[in-house]
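The file coords.pdb comes next; it holds PDB, C-alpha atoms.
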ATOM      1  CA  MET A 568     -45.302 -27.376  21.893
ATOM      2  CA  LYS A 569     -42.831 -27.389  19.008
ATOM      3  CA  LYS A 570     -39.583 -25.658  19.927
ATOM      4  CA  TRP A 571     -36.976 -23.659  18.038
ATOM      5  CA  THR A 572     -34.460 -26.471  18.024
ATOM      6  CA  LEU A 573     -32.830 -29.117  15.880
ATOM      7  CA  LYS A 574     -31.852 -31.290  18.825
ATOM      8  CA  ASN A 575     -31.791 -35.015  17.983
ATOM      9  CA  LYS A 576     -31.886 -34.219  14.255
ATOM     10  CA  LYS A 577     -29.372 -35.734  11.827
ATOM     11  CA  ALA A 578     -28.433 -33.434   8.959
ATOM     12  CA  LEU A 579     -26.369 -33.865   5.798
ATOM     13  CA  VAL A 580     -25.156 -30.606   4.241
ATOM     14  CA  THR A 581     -23.310 -30.817   0.923
ATOM     15  CA  GLY A 582     -20.735 -28.251  -0.148
ATOM     16  CA  SER A 583     -20.368 -27.372   3.511
ATOM     17  CA  THR A 584     -16.850 -26.041   4.126
ATOM     18  CA  LYS A 585     -17.327 -22.477   2.887
ATOM     19  CA  GLY A 586     -19.952 -19.870   2.060
ATOM     20  CA  ILE A 587     -23.620 -20.757   2.459
ATOM     21  CA  GLY A 588     -22.997 -24.441   3.189
ATOM     22  CA  LEU A 589     -20.605 -23.674   6.030
ATOM     23  CA  ALA A 590     -23.026 -21.144   7.531
ATOM     24  CA  ILE A 591     -25.835 -23.729   7.402
ATOM     25  CA  ALA A 592     -23.685 -26.409   9.041
ATOM     26  CA  GLU A 593     -22.711 -24.018  11.841
ATOM     27  CA  GLU A 594     -26.310 -22.882  12.339
ATOM     28  CA  PHE A 595     -27.543 -26.480  12.557
ATOM     29  CA  LEU A 596     -24.828 -27.376  15.074
ATOM     30  CA  SER A 597     -25.708 -24.361  17.227
ATOM     31  CA  LEU A 598     -29.312 -25.590  17.326
ATOM     32  CA  GLY A 599     -28.343 -29.068  18.487
ATOM     33  CA  ALA A 600     -28.225 -31.149  15.299
ATOM     34  CA  GLU A 601     -25.708 -33.812  14.391
ATOM     35  CA  VAL A 602     -24.154 -32.740  11.095
ATOM     36  CA  PHE A 603     -22.390 -34.568   8.272
ATOM     37  CA  ILE A 604     -20.324 -32.301   5.999
ATOM     38  CA  VAL A 605     -18.810 -32.993   2.604
ATOM     39  CA  SER A 606     -16.508 -31.096   0.266
ATOM     40  CA  ARG A 607     -13.701 -31.845  -2.164
ATOM     41  CA  THR A 608     -10.834 -30.696   0.090
ATOM     42  CA  ARG A 609      -9.844 -33.243   2.734
ATOM     43  CA  LYS A 610      -7.656 -30.800   4.659
ATOM     44  CA  THR A 611     -10.532 -28.354   5.119
ATOM     45  CA  VAL A 612     -13.006 -31.091   6.098
ATOM     46  CA  ASP A 613     -10.581 -32.528   8.663
ATOM     47  CA  SER A 614      -9.818 -29.083  10.101
ATOM     48  CA  LEU A 615     -13.483 -28.201  10.582
ATOM     49  CA  LEU A 616     -14.293 -31.575  12.134
ATOM     50  CA  SER A 617     -11.403 -31.204  14.565
ATOM     51  CA  ASP A 618     -12.457 -27.695  15.615
ATOM     52  CA  TRP A 619     -16.116 -28.649  16.060
ATOM     53  CA  LYS A 620     -15.377 -31.832  17.982
ATOM     54  CA  LYS A 621     -13.270 -29.818  20.437
ATOM     55  CA  LEU A 622     -16.407 -27.742  21.070
ATOM     56  CA  GLY A 623     -18.395 -30.898  21.827
ATOM     57  CA  PHE A 624     -20.433 -31.077  18.621
ATOM     58  CA  LYS A 625     -21.419 -34.380  17.000
ATOM     59  CA  VAL A 626     -19.986 -34.062  13.511
ATOM     60  CA  TYR A 627     -18.965 -36.346  10.682
ATOM     61  CA  GLY A 628     -17.444 -35.628   7.305
ATOM     62  CA  LEU A 629     -16.043 -36.793   4.020
ATOM     63  CA  ALA A 630     -13.891 -35.426   1.217
ATOM     64  CA  ALA A 631     -15.546 -36.275  -2.098
ATOM     65  CA  ASP A 632     -16.182 -34.673  -5.477
ATOM     66  CA  LEU A 633     -19.967 -34.670  -5.856
ATOM     67  CA  SER A 634     -19.757 -33.674  -9.510
ATOM     68  CA  THR A 635     -18.822 -37.318 -10.194
ATOM     69  CA  LYS A 636     -20.879 -40.491  -9.802
ATOM     70  CA  GLU A 637     -17.996 -41.999  -7.857
ATOM     71  CA  GLY A 638     -17.964 -39.147  -5.355
ATOM     72  CA  ARG A 639     -21.720 -39.282  -4.913
ATOM     73  CA  GLY A 640     -21.591 -43.037  -4.398
ATOM     74  CA  GLN A 641     -18.868 -42.614  -1.802
ATOM     75  CA  LEU A 642     -20.983 -40.080   0.098
ATOM     76  CA  ILE A 643     -24.145 -42.191   0.028
ATOM     77  CA  LYS A 644     -22.220 -45.213   1.309
ATOM     78  CA  GLU A 645     -20.591 -43.252   4.135
ATOM     79  CA  VAL A 646     -23.797 -41.542   5.294
ATOM     80  CA  SER A 647     -25.668 -44.858   5.237
ATOM     81  CA  HIS A 648     -22.864 -46.397   7.313
ATOM     82  CA  THR A 649     -22.933 -43.503   9.812
ATOM     83  CA  TRP A 650     -26.718 -43.278  10.317
ATOM     84  CA  ASN A 651     -29.687 -45.586   9.794
ATOM     85  CA  SER A 652     -32.019 -42.628   9.245
ATOM     86  CA  LEU A 653     -31.747 -39.041   8.014
ATOM     87  CA  ASP A 654     -33.858 -36.091   9.176
ATOM     88  CA  ILE A 655     -32.448 -33.218   7.109
ATOM     89  CA  LEU A 656     -30.855 -33.162   3.662
ATOM     90  CA  VAL A 657     -29.448 -29.867   2.401
ATOM     91  CA  ASN A 658     -28.410 -30.031  -1.254
ATOM     92  CA  ASN A 659     -26.117 -27.028  -1.377
ATOM     93  CA  VAL A 660     -23.127 -28.050  -3.480
ATOM     94  CA  GLY A 661     -22.884 -25.973  -6.621
ATOM     95  CA  THR A 662     -20.622 -24.064  -8.947
ATOM     96  CA  ASN A 663     -20.764 -21.636 -11.859
ATOM     97  CA  ILE A 664     -18.846 -20.653 -14.968
ATOM     98  CA  ARG A 665     -19.872 -17.198 -16.174
ATOM     99  CA  LYS A 666     -19.782 -16.932 -19.960
ATOM    100  CA  LYS A 667     -21.912 -16.049 -22.944
ATOM    101  CA  PHE A 668     -24.030 -19.021 -24.038
ATOM    102  CA  LEU A 669     -22.156 -19.632 -27.301
ATOM    103  CA  ASP A 670     -18.787 -19.609 -25.514
ATOM    104  CA  TYR A 671     -19.421 -22.684 -23.344
ATOM    105  CA  SER A 672     -17.737 -25.936 -24.249
ATOM    106  CA  GLU A 673     -19.732 -29.137 -23.895
ATOM    107  CA  ASP A 674     -17.493 -30.208 -21.002
ATOM    108  CA  GLU A 675     -18.233 -26.953 -19.177
ATOM    109  CA  TYR A 676     -22.012 -27.078 -19.338
ATOM    110  CA  ARG A 677     -22.073 -30.775 -18.566
ATOM    111  CA  LYS A 678     -19.869 -30.106 -15.520
ATOM    112  CA  LEU A 679     -22.328 -27.467 -14.334
ATOM    113  CA  PHE A 680     -25.265 -29.852 -14.594
ATOM    114  CA  GLU A 681     -23.381 -32.722 -12.950
ATOM    115  CA  THR A 682     -22.441 -30.495 -10.004
ATOM    116  CA  ASN A 683     -25.619 -28.468  -9.605
ATOM    117  CA  MET A 684     -28.417 -30.764 -10.742
ATOM    118  CA  PHE A 685     -27.371 -34.388 -10.980
ATOM    119  CA  SER A 686     -25.682 -34.332  -7.568
ATOM    120  CA  THR A 687     -28.996 -33.173  -6.082
ATOM    121  CA  LEU A 688     -30.988 -35.755  -8.024
ATOM    122  CA  ASP A 689     -28.704 -38.736  -7.288
ATOM    123  CA  ILE A 690     -28.125 -37.968  -3.608
ATOM    124  CA  THR A 691     -31.799 -37.274  -2.901
ATOM    125  CA  LYS A 692     -32.962 -40.423  -4.671
ATOM    126  CA  SER A 693     -30.315 -42.648  -3.067
ATOM    127  CA  LEU A 694     -30.962 -41.370   0.450
ATOM    128  CA  PHE A 695     -34.746 -41.792   0.221
ATOM    129  CA  PRO A 696     -34.685 -44.972   2.376
ATOM    130  CA  LEU A 697     -32.958 -43.054   5.188
ATOM    131  CA  LEU A 698     -35.207 -40.012   4.811
ATOM    132  CA  LYS A 699     -38.292 -42.200   4.910
ATOM    133  CA  LYS A 700     -37.188 -43.376   8.360
ATOM    134  CA  GLY A 701     -36.351 -39.846   9.513
ATOM    135  CA  ASN A 702     -37.992 -37.748  12.208
ATOM    136  CA  SER A 703     -40.216 -35.242  10.347
ATOM    137  CA  PRO A 704     -37.757 -35.326   7.425
ATOM    138  CA  SER A 705     -37.002 -32.172   5.480
ATOM    139  CA  ILE A 706     -35.140 -31.672   2.209
ATOM    140  CA  ILE A 707     -33.799 -28.186   1.472
ATOM    141  CA  ASN A 708     -32.380 -27.441  -1.962
ATOM    142  CA  ILE A 709     -30.248 -24.323  -2.308
ATOM    143  CA  THR A 710     -31.276 -23.007  -5.718
ATOM    144  CA  SER A 711     -30.824 -19.451  -6.973
ATOM    145  CA  TYR A 712     -32.552 -16.244  -7.997
ATOM    146  CA  ALA A 713     -30.990 -17.075 -11.389
ATOM    147  CA  GLY A 714     -33.256 -20.123 -11.578
ATOM    148  CA  VAL A 715     -36.263 -17.770 -11.800
ATOM    149  CA  PHE A 716     -34.923 -14.586 -13.409
ATOM    150  CA  ASP A 717     -32.071 -13.686 -15.713
ATOM    151  CA  VAL A 718     -29.211 -12.066 -13.811
ATOM    152  CA  GLY A 719     -26.473 -12.509 -16.392
ATOM    153  CA  THR A 720     -24.711 -15.299 -14.508
ATOM    154  CA  GLY A 721     -24.731 -17.761 -17.411
ATOM    155  CA  THR A 722     -27.512 -19.722 -19.097
ATOM    156  CA  PRO A 723     -26.467 -23.261 -18.019
ATOM    157  CA  TYR A 724     -26.294 -22.189 -14.371
ATOM    158  CA  GLY A 725     -29.794 -20.727 -14.500
ATOM    159  CA  MET A 726     -31.075 -23.830 -16.282
ATOM    160  CA  SER A 727     -29.602 -26.159 -13.657
ATOM    161  CA  LYS A 728     -31.119 -24.129 -10.831
ATOM    162  CA  SER A 729     -34.540 -24.040 -12.533
ATOM    163  CA  ALA A 730     -34.384 -27.832 -12.728
ATOM    164  CA  GLU A 731     -33.709 -28.002  -8.978
ATOM    165  CA  ILE A 732     -36.714 -25.771  -8.326
ATOM    166  CA  GLN A 733     -38.981 -28.033 -10.380
ATOM    167  CA  MET A 734     -37.590 -31.095  -8.618
ATOM    168  CA  THR A 735     -38.487 -29.416  -5.322
ATOM    169  CA  ARG A 736     -42.097 -28.898  -6.405
ATOM    170  CA  HIS A 737     -42.616 -32.377  -7.820
ATOM    171  CA  LEU A 738     -41.031 -34.235  -4.891
ATOM    172  CA  ALA A 739     -43.007 -32.165  -2.390
ATOM    173  CA  VAL A 740     -46.141 -33.709  -3.890
ATOM    174  CA  GLU A 741     -44.793 -37.184  -4.611
ATOM    175  CA  TRP A 742     -43.138 -37.706  -1.224
ATOM    176  CA  ALA A 743     -45.754 -36.030   0.962
ATOM    177  CA  GLU A 744     -47.251 -39.462   1.686
ATOM    178  CA  TYR A 745     -44.016 -40.341   3.482
ATOM    179  CA  GLY A 746     -44.064 -37.167   5.565
ATOM    180  CA  ILE A 747     -41.052 -35.772   3.704
ATOM    181  CA  ARG A 748     -41.179 -32.018   3.170
ATOM    182  CA  VAL A 749     -39.234 -30.543   0.250
ATOM    183  CA  ASN A 750     -38.455 -26.842  -0.115
ATOM    184  CA  SER A 751     -35.843 -24.706  -1.799
ATOM    185  CA  ILE A 752     -34.119 -21.421  -1.047
ATOM    186  CA  ALA A 753     -33.241 -19.116  -3.934
ATOM    187  CA  PRO A 754     -30.629 -16.532  -2.902
ATOM    188  CA  TRP A 755     -29.949 -13.289  -4.729
ATOM    189  CA  PHE A 756     -26.338 -12.085  -4.518
ATOM    190  CA  ILE A 757     -24.735 -13.384  -1.312
ATOM    191  CA  ARG A 758     -21.154 -12.556  -0.364
ATOM    192  CA  THR A 759     -19.382 -15.912  -0.704
ATOM    193  CA  PRO A 760     -16.159 -17.178  -2.320
ATOM    194  CA  LEU A 761     -18.224 -18.016  -5.430
ATOM    195  CA  THR A 762     -19.411 -14.412  -5.892
ATOM    196  CA  GLU A 763     -16.436 -12.463  -4.512
ATOM    197  CA  ASN A 764     -14.804 -11.855  -7.898
ATOM    198  CA  LEU A 765     -18.062 -10.583  -9.405
ATOM    199  CA  LEU A 766     -18.848  -8.344  -6.436
ATOM    200  CA  SER A 767     -15.367  -6.825  -6.622
ATOM    201  CA  ILE A 768     -16.228  -5.277 -10.015
ATOM    202  CA  LYS A 769     -17.486  -1.778  -9.159
ATOM    203  CA  GLU A 770     -19.939  -1.483 -12.040
ATOM    204  CA  LYS A 771     -21.463  -4.916 -11.336
ATOM    205  CA  TYR A 772     -21.736  -4.239  -7.628
ATOM    206  CA  ALA A 773     -23.383  -0.850  -8.226
ATOM    207  CA  GLY A 774     -25.951  -2.472 -10.519
ATOM    208  CA  ILE A 775     -26.766  -5.139  -7.926
ATOM    209  CA  ILE A 776     -27.218  -2.559  -5.182
ATOM    210  CA  ALA A 777     -29.409  -0.384  -7.435
ATOM    211  CA  LYS A 778     -31.688  -3.376  -8.057
ATOM    212  CA  THR A 779     -31.919  -4.305  -4.365
ATOM    213  CA  PRO A 780     -34.342  -2.297  -2.174
ATOM    214  CA  LEU A 781     -32.353  -3.149   0.971
ATOM    215  CA  ALA A 782     -29.319  -1.696  -0.838
ATOM    216  CA  ARG A 783     -26.831  -4.421   0.086
ATOM    217  CA  VAL A 784     -25.879  -7.992  -0.736
ATOM    218  CA  GLY A 785     -26.802 -10.775   1.654
ATOM    219  CA  SER A 786     -24.704 -12.834   4.026
ATOM    220  CA  PRO A 787     -24.470 -16.642   4.218
ATOM    221  CA  GLU A 788     -25.888 -16.476   7.740
ATOM    222  CA  GLU A 789     -29.107 -14.958   6.372
ATOM    223  CA  ILE A 790     -29.595 -18.035   4.195
ATOM    224  CA  ALA A 791     -28.657 -20.363   7.048
ATOM    225  CA  SER A 792     -31.338 -18.965   9.350
ATOM    226  CA  LEU A 793     -34.060 -19.764   6.802
ATOM    227  CA  ALA A 794     -32.619 -23.238   6.198
ATOM    228  CA  ALA A 795     -32.747 -23.889   9.941
ATOM    229  CA  PHE A 796     -36.400 -22.845  10.124
ATOM    230  CA  LEU A 797     -37.370 -25.034   7.166
ATOM    231  CA  ALA A 798     -35.559 -27.958   8.812
ATOM    232  CA  MET A 799     -37.454 -27.523  12.090
ATOM    233  CA  ASP A 800     -40.740 -29.107  13.058
ATOM    234  CA  LYS A 801     -41.912 -25.484  13.407
ATOM    235  CA  ALA A 802     -42.159 -25.451   9.590
ATOM    236  CA  SER A 803     -44.165 -28.684   9.437
ATOM    237  CA  TYR A 804     -46.856 -27.303   7.074
ATOM    238  CA  ILE A 805     -44.450 -25.725   4.585
ATOM    239  CA  THR A 806     -43.547 -27.799   1.538
ATOM    240  CA  GLY A 807     -43.077 -27.331  -2.204
ATOM    241  CA  GLN A 808     -41.914 -23.727  -1.834
ATOM    242  CA  ASN A 809     -39.031 -21.948  -3.533
ATOM    243  CA  ILE A 810     -38.331 -19.012  -1.230
ATOM    244  CA  LEU A 811     -36.502 -16.020  -2.691
ATOM    245  CA  VAL A 812     -34.049 -14.402  -0.288
ATOM    246  CA  ASP A 813     -33.233 -11.311  -2.269
ATOM    247  CA  GLY A 814     -33.465  -8.079  -0.274
ATOM    248  CA  GLY A 815     -36.611  -7.245  -2.266
ATOM    249  CA  ALA A 816     -34.962  -7.447  -5.715
ATOM    250  CA  SER A 817     -37.691  -9.628  -7.227
ATOM    251  CA  VAL A 818     -40.424  -7.081  -6.503
ATOM    252  CA  LYS A 819     -38.580  -3.988  -7.720
ATOM    253  CA  THR A 820     -39.557  -3.019 -11.264
ATOM    254  CA  PHE A 821     -38.312   0.586 -11.416
TER     255      PHE A 821
END

Encoding of this model in C-alpha cells:
Amino acid sequence: MKKWTLKNKKALVTGSTKGIGLAIAEEFLSLGAEVFIVSRTRKTVDSLLSDWKKLGFKVYGLAADLSTKEGRGQLIKEVSHTWNSLDILVNNVGTNIRKKFLDYSEDEYRKLFETNMFSTLDITKSLFPLLKKGNSPSIINITSYAGVFDVGTGTPYGMSKSAEIQMTRHLAVEWAEYGIRVNSIAPWFIRTPLTENLLSIKEKYAGIIAKTPLARVGSPEEIASLAAFLAMDKASYITGQNILVDGGASVKTF
C-alpha cells in the first residue's frame, strides 16, 4: 500500500529560503525527504542548513543566482556531485517586475525570462539523467494564475509562466516513457515576500478578496501541501496537469 510519505526521496527545491519554496522544503523534510535548497543569499542558506541539521534532517544547499547560466551550471554540478539520482525536482525560483508593458526595458524582461523560464528549462534538461534514475520521479513547476489569466501583474511575468505551463504539458507526454511525471501548480495571490508590497495596498487587496470566493489570500503552506502530494507515489497517475490553487477565483464570474 502506498503511504503518505516522502521517506527515501531526494528532492531539489529552487528558490527555497523564503515564501513558497521554503514552505515546500519544510513540508518535504517533515515527510522524510532529503532536501537540497538553493538561493542567492549564502547567509540564509547556511542558517537554514544549520537549523535543520540540528533537528536531524538530511539537508544540502548552495548559494547561486539561477537567473544566470553560471549559477545554473554551479547548481547542476553540485546536485550531481551530491546524489547519483533525483526523485523530486521543484522549479520554484521566480521573480516579477510589475509595470505597464511599454515601460519595460529589454534588460528587465530578459531578466524575468532568465529567472522564471530559462532556469526551469536548463535545470530540468540538465538533471534529466538523474531524474531518469530516480524512484518514481516527479517534476513540479510552480507557475502562476497569471500564466492563465490576466491579473495585472505584468505581461512578461504572465508570458514566462505560460511558457512553464506548456513545458509541463509537453514534458509530461515526452518523458512518460521514463516514468517521470510532470505537473505544475498555479497559485493565485499567496502571502509571500514577493507579494507583500502589493497586498499592503488597500484597494488592491480589496479587489483580490472580492474576486476570491474564500475571501482571503493563500498561505505558502497551502501550496506546499499540494506539492508534497504531487511528489508522492500516491499521485502516481497524475501528470501533465496545471493545478490552480486560487480560493475559487478562476470560477467566479460575477

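For the residues A:Lys692, A:Arg748, A:His737, A:Lys620, ranking by smallest atom-to-atom distance to Ile706 (chain A) using all atoms listed in the file places A:Arg748 first.
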
(request) Give as JSON, numbers by chain every residue, naming chains and numbers as the document does, that has an atom within 9 Å of (-36.4, -28.5, 7.9), counting only C-alpha atoms. (result) {"A": [573, 654, 655, 656, 657, 703, 704, 705, 706, 707, 748, 749, 750, 794, 795, 796, 797, 798, 799, 800, 801, 802, 803]}

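The two atoms in question, CA of Ile757 (chain A) and CA of Thr581 (chain A), are spaced 17.6 Å apart.
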
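Using the PyMOL selection byres ((chain A and resi 683) around 9) on the file at hand returns these residues: A:Ser634, A:Asn658, A:Asn659, A:Val660, A:Gly661, A:Thr662, A:Asn663, A:Lys678, A:Leu679, A:Phe680, A:Glu681, A:Thr682, A:Met684, A:Phe685, A:Ser686, A:Thr687, A:Thr710, A:Tyr724, A:Ser727, A:Lys728, A:Glu731.
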
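Using all atoms listed in the file, the shortest contact distance between Phe821 (chain A) and any of A:Gln808, A:Thr759, A:Gln641, A:Thr779 is found at A:Thr779.
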
(request) Counting all atoms listed in the file, note down every residue that has an atom within 12 Å of the point (-36.6, -45.4, 2.2) (file coordinates), as an MDAnalysis selection string. (result) chainID A and resid 647 651:654 691:701 704 742 745:747

(request) Apply the PyMOL selection byres ((chain A and resi 599) around 12) to the structure shown and report the selected residues as a ChimeraX atom specification. (result) /A:570-578,592-598,600-602,623-626,795,799

(message) Since I can't run it myself right now, could you work out what the PyMOL selection byres ((chain A and resi 782) around 12) selects here and report it as an MDAnalysis selection string?
(response) chainID A and resid 756 772:781 783:785 813:816 819

(message) Counting only C-alpha atoms, which residue out of A:Leu738, A:Ile587, A:Leu642, A:Val580 sits closest to Phe603 (chain A)?
(response) A:Val580

(request) Counting only C-alpha atoms, figure out which residue out of A:Glu645, A:Glu788, A:Glu675, A:Glu637 gets nearest to Ile604 (chain A). (result) A:Glu645

(request) Please indicate the distance in Å from CA of Val818 (chain A) to CA of Leu765 (chain A), rounded to one decimal place. (result) 22.8 Å

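Nearest-residue note for Ile732 (chain A): choosing from A:Lys666, A:Gly807, A:Asp689, A:Pro760, the minimum distance belongs to A:Gly807, counting all atoms listed in the file.
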
(request) Would you mind telling me which residue in A:Gly586, A:Ala743, A:Phe668, A:Ile810 lies nearest to Met726 (chain A) when using only C-alpha atoms? (result) A:Phe668

Can you report as lines of an AutoDock Vina configuration file the centre and edge lengths in Å, to one decimal, of an axis-aligned box around the listed atoms of region 736-752 of chain A padded with 5 Å on each side?
center_x = -40.7
center_y = -30.9
center_z = -1.1
size_x = 23.1
size_y = 28.9
size_z = 23.4

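Distance-wise, CA of Lys569 (chain A) and CA of Ile805 (chain A) end up 14.6 Å apart.
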
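Neighbours of Thr720 (chain A) closer than or equal to 9 Å, with only C-alpha atoms counted and sequence neighbours fewer than 2 positions away skipped, come out as Asn663, Ile664, Arg665, Lys666, Lys667, Ala713, Asp717, Val718, Thr722, Pro723, Tyr724 and Gly725 of chain A.
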
With C-alpha atoms retained, write the just-selected residues as a compact mmCIF listing (two decimals), in the frame of the given file.
# COMPACT_ATOMS: atom_id res chain seq x y z
CA ASN A 663 -20.76 -21.64 -11.86
CA ILE A 664 -18.85 -20.65 -14.97
CA ARG A 665 -19.87 -17.20 -16.17
CA LYS A 666 -19.78 -16.93 -19.96
CA LYS A 667 -21.91 -16.05 -22.94
CA ALA A 713 -30.99 -17.08 -11.39
CA ASP A 717 -32.07 -13.69 -15.71
CA VAL A 718 -29.21 -12.07 -13.81
CA THR A 722 -27.51 -19.72 -19.10
CA PRO A 723 -26.47 -23.26 -18.02
CA TYR A 724 -26.29 -22.19 -14.37
CA GLY A 725 -29.79 -20.73 -14.50
